[in-house]
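Working notes, beginning with the structure itself.
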Amino acid sequence: MRTRPVRMARWSARHPWRAIVGWFVFVLLCLGAGIAAGNNPATTKDFWVGEAGRAESTATDGGLQRRPTEHILIRAKSGPLEMDRATAAARDLTPRMDALPEVDSVAPPVRSKDGTALRVTVVMKGAELDARKNVVPLLDRTAQVAAAHPDLIVEETGSPAISKGVNDQRGKDLALSERLSLPVTLVILLIVFGSVVMAGVPLLLALSSIAATMGLAMLASHLMPDPGVGTNMILLMGLAVGVDYTLFYLKREREERSRAAGRLSSEALVELAAATAGRAVVVSGLAVIVCTATLYLATDVIFSSLATGTVLVVAVAVLSSLTVLPALLVKLGHRAERRAANKVARRARRGAPARTEAAAKPENGRIFGALMRPAQRHPAITLCVSVLIMLAVAAPALGLRLVDPGKDTFSRSIPAMQVYDRLTAAYPELLVKHEVVTRSAPEQAPEVRQALTELGRRAQADPLFARTGEPVVRTSADGRISVLELAVPHPAPSDEAITSLDHLRHRYIPTTVGELKAVDVAVSGDVARGQDYVHHERSKLPLVIGFLLLLTFVTTSVAFRSVIVGLLGVVLNLLSAAAAMGALVLVFQGTWAEGLLDFDSLGAIASRVPLFLVVLLFGLSMDYQVFVVSRIKEAMDHGMTAREAVLDGIARSAKVVTSAALVMVTIFAAFVFLHLTEMKQMGFCLAVAVLLDAVVIRMMILPAALLLLGERAWRPLRPSRRRGAGAPSAPAGRPVPHVG
C-alpha cells in the first residue's frame, strides 16, 4: 500500500490528459450503467422486523395485509356543518374515486361524533410503499370536489399522502442544504488556497465522485434494495470526504512545491505528495469504509443502504484523489510554471533583477499556536482538563431515550399532516391501530374467531383502547389466518399507546387466543413496528459496537505499527462519539432549544440516529486520526524524537485538518435547517462531533497523550522499514526535499 499510491500518481502525472479523460469517462459509464439498470426500491417485506414483521408476513400470506388508505375529510368553512351539503359532496366524491385504477374501494361516509366532520375512506390498490407515487390522482380528484363545493372544506390525508409530502419536503430540504453548504464550502476553500481555480478542484472532484456513486448505487440496489435514504448519505458524505481528501492532497503538494522552490518538476512534486498524503488518503478511506461496513451487522435495510452509499462514495473519492487529482495538479503546476517563467522573462527584458523564491509561509498562525500551546507546555493538565470537559459534555447521553419516529412526528408544515391533525381530532380512533394476527389449522377457525372476539371485548373495556362497537374479525379464504384490529385514541409515540401494546401482548392475548393450542399469534401496527424496531436495534448494538472497536483497533495498529496508537485511537473515538451524543441528547431530548433550532421535541432521539452516528463518527474520527498521526510518524521516520515528532506533526497538520473540519461542519450543519427532526438530529450531532474531534481531540488530547507516552507509544508490531522508505526518487540531477 506504500508504493501503490505513488505508482498511480506517477502514471497520472506522466499521462495527465489520459487520466483526466479516463476519470470523466468512468463517471459517465457509472451513471449510464446505473440509469440503464434502474433502481431497485425496497418493498414492504424488507422492513419487517421482530414480532410485528412476523405478524405482517402472516397477514400477507392470507391476503389480509395492511392496505394503503386515504381519508377525505369534509368540513364547513364556517359555522356548523350542514350534513346535507356534506353528504352531497361525499356522493360527488365517491364515483370520481371509484373510477380511478389506483382505487380498490370507497367506504360509505362516516360522521364524526361531534357532528363537525364527514369522512370518506378510500382503500388503494398495490403495495404500501408504492402508494405515495400512486396517490397523486386521488389528490387531484379531491381538489376537483373541493372546487365544486366552495362552501365546504374538502381535504385529503392518509399514509400515502403524508409519505408523498415527506418525500417532497425531503427533496426541497436537500436542495436547501446544497444551496447553503456549497457557497460556504467554496468560501472556506478560497481562504485556504487563495485561488478560485484551486478552490474549485475539490468541489469538482467531490461532485463528480457523487455522480459516479449515484450510478454505482443503482447497480448495488439490485443486490441490496434501496429504501430511498442512500442518496441522502451519498450527497452528505460525498461532499464531505471528497473535499477533505482532495484538500489534504492539495495542501501537501503545495507544501512540497514551496519547499522545493522551483528545483523540482510538477511531476516530481505530485509523486512526493502521493508518497505521503496519497497513502494517508488510502488508509483514511479504508478506515471509514471498514467502520461503516459494521452497519451491515445490524441486518436492517435502512442501515445497509446507508452503509452501501457511504462505502461506495468514500471508495470513489479515494480513487479520484489517486488518479485524476494528480493529473489536474500536474496541469495546474505546468500552468503556474509557465506564468512564473513569463514573469521572469518580462523582468529580464526590463533589466530588473530576478526575484528569489519567497520563503514558505508558516504553517500555522496565532490561533493554532494558542490552541496547541497548553498541550505542549502542560500535557498532563491539558489531558485531564480536556478529558473532563468531554466527559461532562457526554454525561447527558446516560439519559438517552429512543423512539421510532412515525407519522405523528413529521413536520406540520406538510399540508397532509395539518389535515391529519384535524382528522384525528374529529376521529381519535384513527390515531393508532393494533393488528392481532393468528395462524392456525383451518378447522380451528371458529374457535380462533371466538377467542379474538373475546380479546377485542376485553381490550375495549380498557380505557387505553377506543370503544368502536363489536370487534370485527377478518379471516382468510382458507380459514388459516385471522386478523383483529383494535383502535387506540392516542398517538403512536405516546406512553399510553405503548402501554396499550404491552397490555395487549402480555395481558389480553395470553388469557384468550394465547390459550389455544397450535395457534401462532403476533401483533403488528404502528406502535408494534416502532417498539420492535427499537428492540431490534438495541439487540444488535453490542455486536456492531464490538466489531467497530475491534476493526478500528486493528486498522490503526497495522497502519502505524503500534498497539498503543491503536488503543489510543479507540479511546479517543469513543470519547468523541460520547461527547457528540451527549450534546445531541442535551439539545434535542428536551424542549429548551425548540425555538432556537425550529423543531418539535420528540422527548427522545430517533431510534436510528445513535447507532448510525456512532459508526459514522468512528469513521470520521479515524479520518483525522490517520492524517495527524501520519504526519507524526513521518517525522519519526526521518529521525526526530517522539516529542519533536508530535509537535512537528501536529503543527504541520493543524491548519489543514481544521480547514477540512470546517468544510465538514458546514455541510453537516446545513442539515440543522431541514424540517425532518431526524435529519436535524443527525446534522447537529455530526457537526458537533467533527468540531470537537478536530479541535479538542486532535489538538489537545491527542498531542498531550502522545507527549506523555513518549517513545512508548511507538513500539512497533514489526520492525519499521528504513527511514525514508516509500518516498519516490527525484529525477536525476534534482534533490529530493525533506518529506516530513
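In the C-alpha cells, chains take the letters A, B, ... in the order shown, each chain's residues start at 1, and ligands count up from 1 in the order shown.
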
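Residues in contact range of segment 588-599 of chain A, defined as at most 9 Å between only C-alpha atoms, with sequence neighbours fewer than 4 positions away removed, read Leu400, Arg401, Ser411, Ala583, Leu584, Gly603, Ala604, Ile605, Val672, Phe673, His675, Leu676, Thr677, Lys680 and Gln681 of chain A.
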
Might you pull out every residue within 10 Å of Arg412 of chain A, with only C-alpha atoms counted and same-chain residues fewer than 6 positions away left off, and present them as a VMD selection string? chain A and resid 418 to 421 600 675

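For Val432 of chain A, the list of residues within 10 Å, based on only C-alpha atoms and with local chain neighbours fewer than 6 positions off taken out, reads Thr424, Phe465, Ala466, Glu485, Leu486, Ala487, Val488, Pro489, His490, Pro491, Ala492, Pro493, Ala497, Gly525, Asp526 and Val527 of chain A.
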
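Within the 7 Å cut-off around Ser305 of chain A, using only C-alpha atoms and omitting residues fewer than 3 positions from it on the same chain, the listed residues are Asp226, Val229, Gly230, Val301, Ile302, Thr308 and Gly309 of chain A.
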
Requested write-out: all heavy atoms of the selected residues, as a compact mmCIF listing (two decimals), in the first residue's frame:
# COMPACT_ATOMS: atom_id res chain seq x y z
N ASP A 226 -33.00 -0.60 -2.26
CA ASP A 226 -32.82 0.78 -1.82
C ASP A 226 -34.10 1.30 -1.17
O ASP A 226 -35.14 1.41 -1.82
CB ASP A 226 -32.47 1.66 -3.04
CG ASP A 226 -32.34 3.12 -2.67
OD1 ASP A 226 -32.11 3.42 -1.49
OD2 ASP A 226 -32.48 3.97 -3.58
N VAL A 229 -33.03 6.16 1.18
CA VAL A 229 -32.23 7.05 2.02
C VAL A 229 -30.77 7.08 1.59
O VAL A 229 -29.99 7.92 2.06
CB VAL A 229 -32.32 6.63 3.50
CG1 VAL A 229 -33.74 6.74 4.00
CG2 VAL A 229 -31.80 5.20 3.70
N GLY A 230 -30.37 6.15 0.71
CA GLY A 230 -28.97 6.08 0.31
C GLY A 230 -28.49 7.32 -0.41
O GLY A 230 -27.35 7.77 -0.23
N VAL A 301 -32.56 -2.95 6.53
CA VAL A 301 -32.50 -2.47 5.15
C VAL A 301 -32.04 -1.02 5.07
O VAL A 301 -31.29 -0.64 4.15
CB VAL A 301 -33.86 -2.66 4.46
CG1 VAL A 301 -34.93 -1.80 5.10
CG2 VAL A 301 -33.76 -2.36 2.97
N ILE A 302 -32.43 -0.20 6.04
CA ILE A 302 -32.03 1.22 6.00
C ILE A 302 -30.55 1.36 6.32
O ILE A 302 -29.81 2.07 5.63
CB ILE A 302 -32.89 2.04 6.97
CG1 ILE A 302 -34.32 2.12 6.44
CG2 ILE A 302 -32.32 3.44 7.17
CD1 ILE A 302 -35.27 2.90 7.29
N THR A 308 -23.97 1.08 2.30
CA THR A 308 -23.60 0.93 0.89
C THR A 308 -23.28 2.28 0.26
O THR A 308 -22.27 2.43 -0.44
CB THR A 308 -24.73 0.24 0.11
OG1 THR A 308 -24.98 -1.05 0.66
CG2 THR A 308 -24.37 0.10 -1.36
N GLY A 309 -24.14 3.27 0.51
CA GLY A 309 -23.89 4.60 -0.04
C GLY A 309 -22.58 5.19 0.45
O GLY A 309 -21.80 5.75 -0.34

Among segment 443-522 of chain A, which ones does DSSP place in helix (DSSP H, G or I), written as a PyMOL selection string? chain A and resi 443-460+495-508+513-515

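For Thr552 of chain A, the list of residues within 8 Å, based on only C-alpha atoms and with local chain neighbours fewer than 2 positions off taken out, reads Ala287, Val290, Cys291, Leu548, Leu549, Leu550, Val554, Thr555, Thr556, Gly566, Gly569, Val570, Phe618 and Met622 of chain A.
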
Let me see the file: selected residues, N, CA, C and O atoms, as a PDB file, in the first residue's frame.
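The new file out-v3.pdb reads:
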ATOM      1  N   ALA A 287     -10.210   3.105   6.502  1.00  0.00           N
ATOM      2  CA  ALA A 287     -10.726   3.140   7.876  1.00  0.00           C
ATOM      3  C   ALA A 287     -12.205   3.513   7.902  1.00  0.00           C
ATOM      4  O   ALA A 287     -13.001   2.901   8.626  1.00  0.00           O
ATOM      5  N   VAL A 290     -14.203   0.509   6.533  1.00  0.00           N
ATOM      6  CA  VAL A 290     -14.261  -0.599   7.495  1.00  0.00           C
ATOM      7  C   VAL A 290     -15.231  -0.282   8.622  1.00  0.00           C
ATOM      8  O   VAL A 290     -16.045  -1.127   9.026  1.00  0.00           O
ATOM      9  N   CYS A 291     -15.165   0.956   9.141  1.00  0.00           N
ATOM     10  CA  CYS A 291     -16.076   1.338  10.228  1.00  0.00           C
ATOM     11  C   CYS A 291     -17.529   1.303   9.753  1.00  0.00           C
ATOM     12  O   CYS A 291     -18.406   0.758  10.438  1.00  0.00           O
ATOM     13  N   LEU A 548     -16.932  -2.757  15.675  1.00  0.00           N
ATOM     14  CA  LEU A 548     -16.421  -1.426  15.365  1.00  0.00           C
ATOM     15  C   LEU A 548     -15.142  -1.142  16.140  1.00  0.00           C
ATOM     16  O   LEU A 548     -14.142  -0.666  15.579  1.00  0.00           O
ATOM     17  N   LEU A 549     -15.145  -1.446  17.431  1.00  0.00           N
ATOM     18  CA  LEU A 549     -13.957  -1.225  18.260  1.00  0.00           C
ATOM     19  C   LEU A 549     -12.803  -2.113  17.798  1.00  0.00           C
ATOM     20  O   LEU A 549     -11.654  -1.660  17.700  1.00  0.00           O
ATOM     21  N   LEU A 550     -13.121  -3.369  17.503  1.00  0.00           N
ATOM     22  CA  LEU A 550     -12.074  -4.298  17.080  1.00  0.00           C
ATOM     23  C   LEU A 550     -11.446  -3.866  15.760  1.00  0.00           C
ATOM     24  O   LEU A 550     -10.210  -3.813  15.631  1.00  0.00           O
ATOM     25  N   VAL A 554      -7.585  -2.687  15.041  1.00  0.00           N
ATOM     26  CA  VAL A 554      -6.717  -3.431  14.113  1.00  0.00           C
ATOM     27  C   VAL A 554      -6.230  -2.524  12.986  1.00  0.00           C
ATOM     28  O   VAL A 554      -5.039  -2.517  12.649  1.00  0.00           O
ATOM     29  N   THR A 555      -7.146  -1.736  12.410  1.00  0.00           N
ATOM     30  CA  THR A 555      -6.772  -0.862  11.289  1.00  0.00           C
ATOM     31  C   THR A 555      -5.702   0.140  11.704  1.00  0.00           C
ATOM     32  O   THR A 555      -4.700   0.331  10.999  1.00  0.00           O
ATOM     33  N   THR A 556      -5.909   0.781  12.849  1.00  0.00           N
ATOM     34  CA  THR A 556      -4.943   1.789  13.306  1.00  0.00           C
ATOM     35  C   THR A 556      -3.619   1.152  13.691  1.00  0.00           C
ATOM     36  O   THR A 556      -2.545   1.677  13.374  1.00  0.00           O
ATOM     37  N   GLY A 566      -3.037   2.291  18.372  1.00  0.00           N
ATOM     38  CA  GLY A 566      -4.326   1.676  18.076  1.00  0.00           C
ATOM     39  C   GLY A 566      -5.293   1.796  19.241  1.00  0.00           C
ATOM     40  O   GLY A 566      -6.463   2.166  19.065  1.00  0.00           O
ATOM     41  N   GLY A 569      -6.385   5.406  19.686  1.00  0.00           N
ATOM     42  CA  GLY A 569      -7.380   5.793  18.690  1.00  0.00           C
ATOM     43  C   GLY A 569      -8.779   5.348  19.078  1.00  0.00           C
ATOM     44  O   GLY A 569      -9.747   6.097  18.938  1.00  0.00           O
ATOM     45  N   VAL A 570      -8.902   4.116  19.586  1.00  0.00           N
ATOM     46  CA  VAL A 570     -10.213   3.606  20.013  1.00  0.00           C
ATOM     47  C   VAL A 570     -10.776   4.446  21.147  1.00  0.00           C
ATOM     48  O   VAL A 570     -11.949   4.835  21.145  1.00  0.00           O
ATOM     49  N   PHE A 618     -17.096   7.221  14.278  1.00  0.00           N
ATOM     50  CA  PHE A 618     -15.835   6.487  14.359  1.00  0.00           C
ATOM     51  C   PHE A 618     -15.074   6.608  13.038  1.00  0.00           C
ATOM     52  O   PHE A 618     -13.856   6.795  13.024  1.00  0.00           O
ATOM     53  N   MET A 622     -11.548   8.534  12.630  1.00  0.00           N
ATOM     54  CA  MET A 622     -10.394   7.853  12.058  1.00  0.00           C
ATOM     55  C   MET A 622      -9.792   8.664  10.919  1.00  0.00           C
ATOM     56  O   MET A 622      -8.576   8.645  10.694  1.00  0.00           O
TER      57      MET A 622
END

Residue list (strand (DSSP E or B), DSSP) for segment 304-477 of chain A, as a PyMOL selection string: chain A and resi 402-403+432-439+473-475

Create the file for the chosen residues now, containing C-alpha atoms and written as a short mmCIF file (atom, residue, chain, number, x, y, z; two decimals), in the first residue's frame.
data_model
loop_
_atom_site.label_atom_id
_atom_site.label_comp_id
_atom_site.auth_asym_id
_atom_site.auth_seq_id
_atom_site.Cartn_x
_atom_site.Cartn_y
_atom_site.Cartn_z
CA LEU A 402 -35.10 6.15 21.85
CA VAL A 403 -38.28 6.44 19.81
CA VAL A 432 -53.37 4.05 16.23
CA LYS A 433 -54.45 0.55 15.29
CA HIS A 434 -53.08 -2.68 16.75
CA GLU A 435 -53.43 -5.70 14.49
CA VAL A 436 -53.64 -9.13 16.14
CA VAL A 437 -52.78 -11.80 13.56
CA THR A 438 -53.21 -15.54 14.09
CA ARG A 439 -52.24 -18.62 12.10
CA VAL A 473 -62.51 -10.45 12.86
CA ARG A 474 -61.37 -10.98 9.26
CA THR A 475 -60.44 -14.50 8.18
#

Polymer residues at most 10 Å from Ile414 of chain A, only C-alpha atoms, same-chain spacing of 6 or more positions, as a list in words: Ala161, Ile162, Ser163, Lys164, Gly165, Val166, Asp168, Gln169, Tyr420 and His675 of chain A

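Compared by their closest atoms to Ala315 of chain A, and using only C-alpha atoms, the residues A:Leu216, A:Ala33, A:Val136, A:Val615 rank with A:Leu216 nearest.
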
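Proximity ranking of A:Ser12, A:Ser78, A:Ser500, A:Thr276 relative to Phe627 of chain A places A:Thr276 first, based on only C-alpha atoms.
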
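With distances restricted to only C-alpha atoms, A:Leu186 is the closest residue to Thr666 of chain A from A:Leu504, A:Leu186, A:Val27, A:Leu138.
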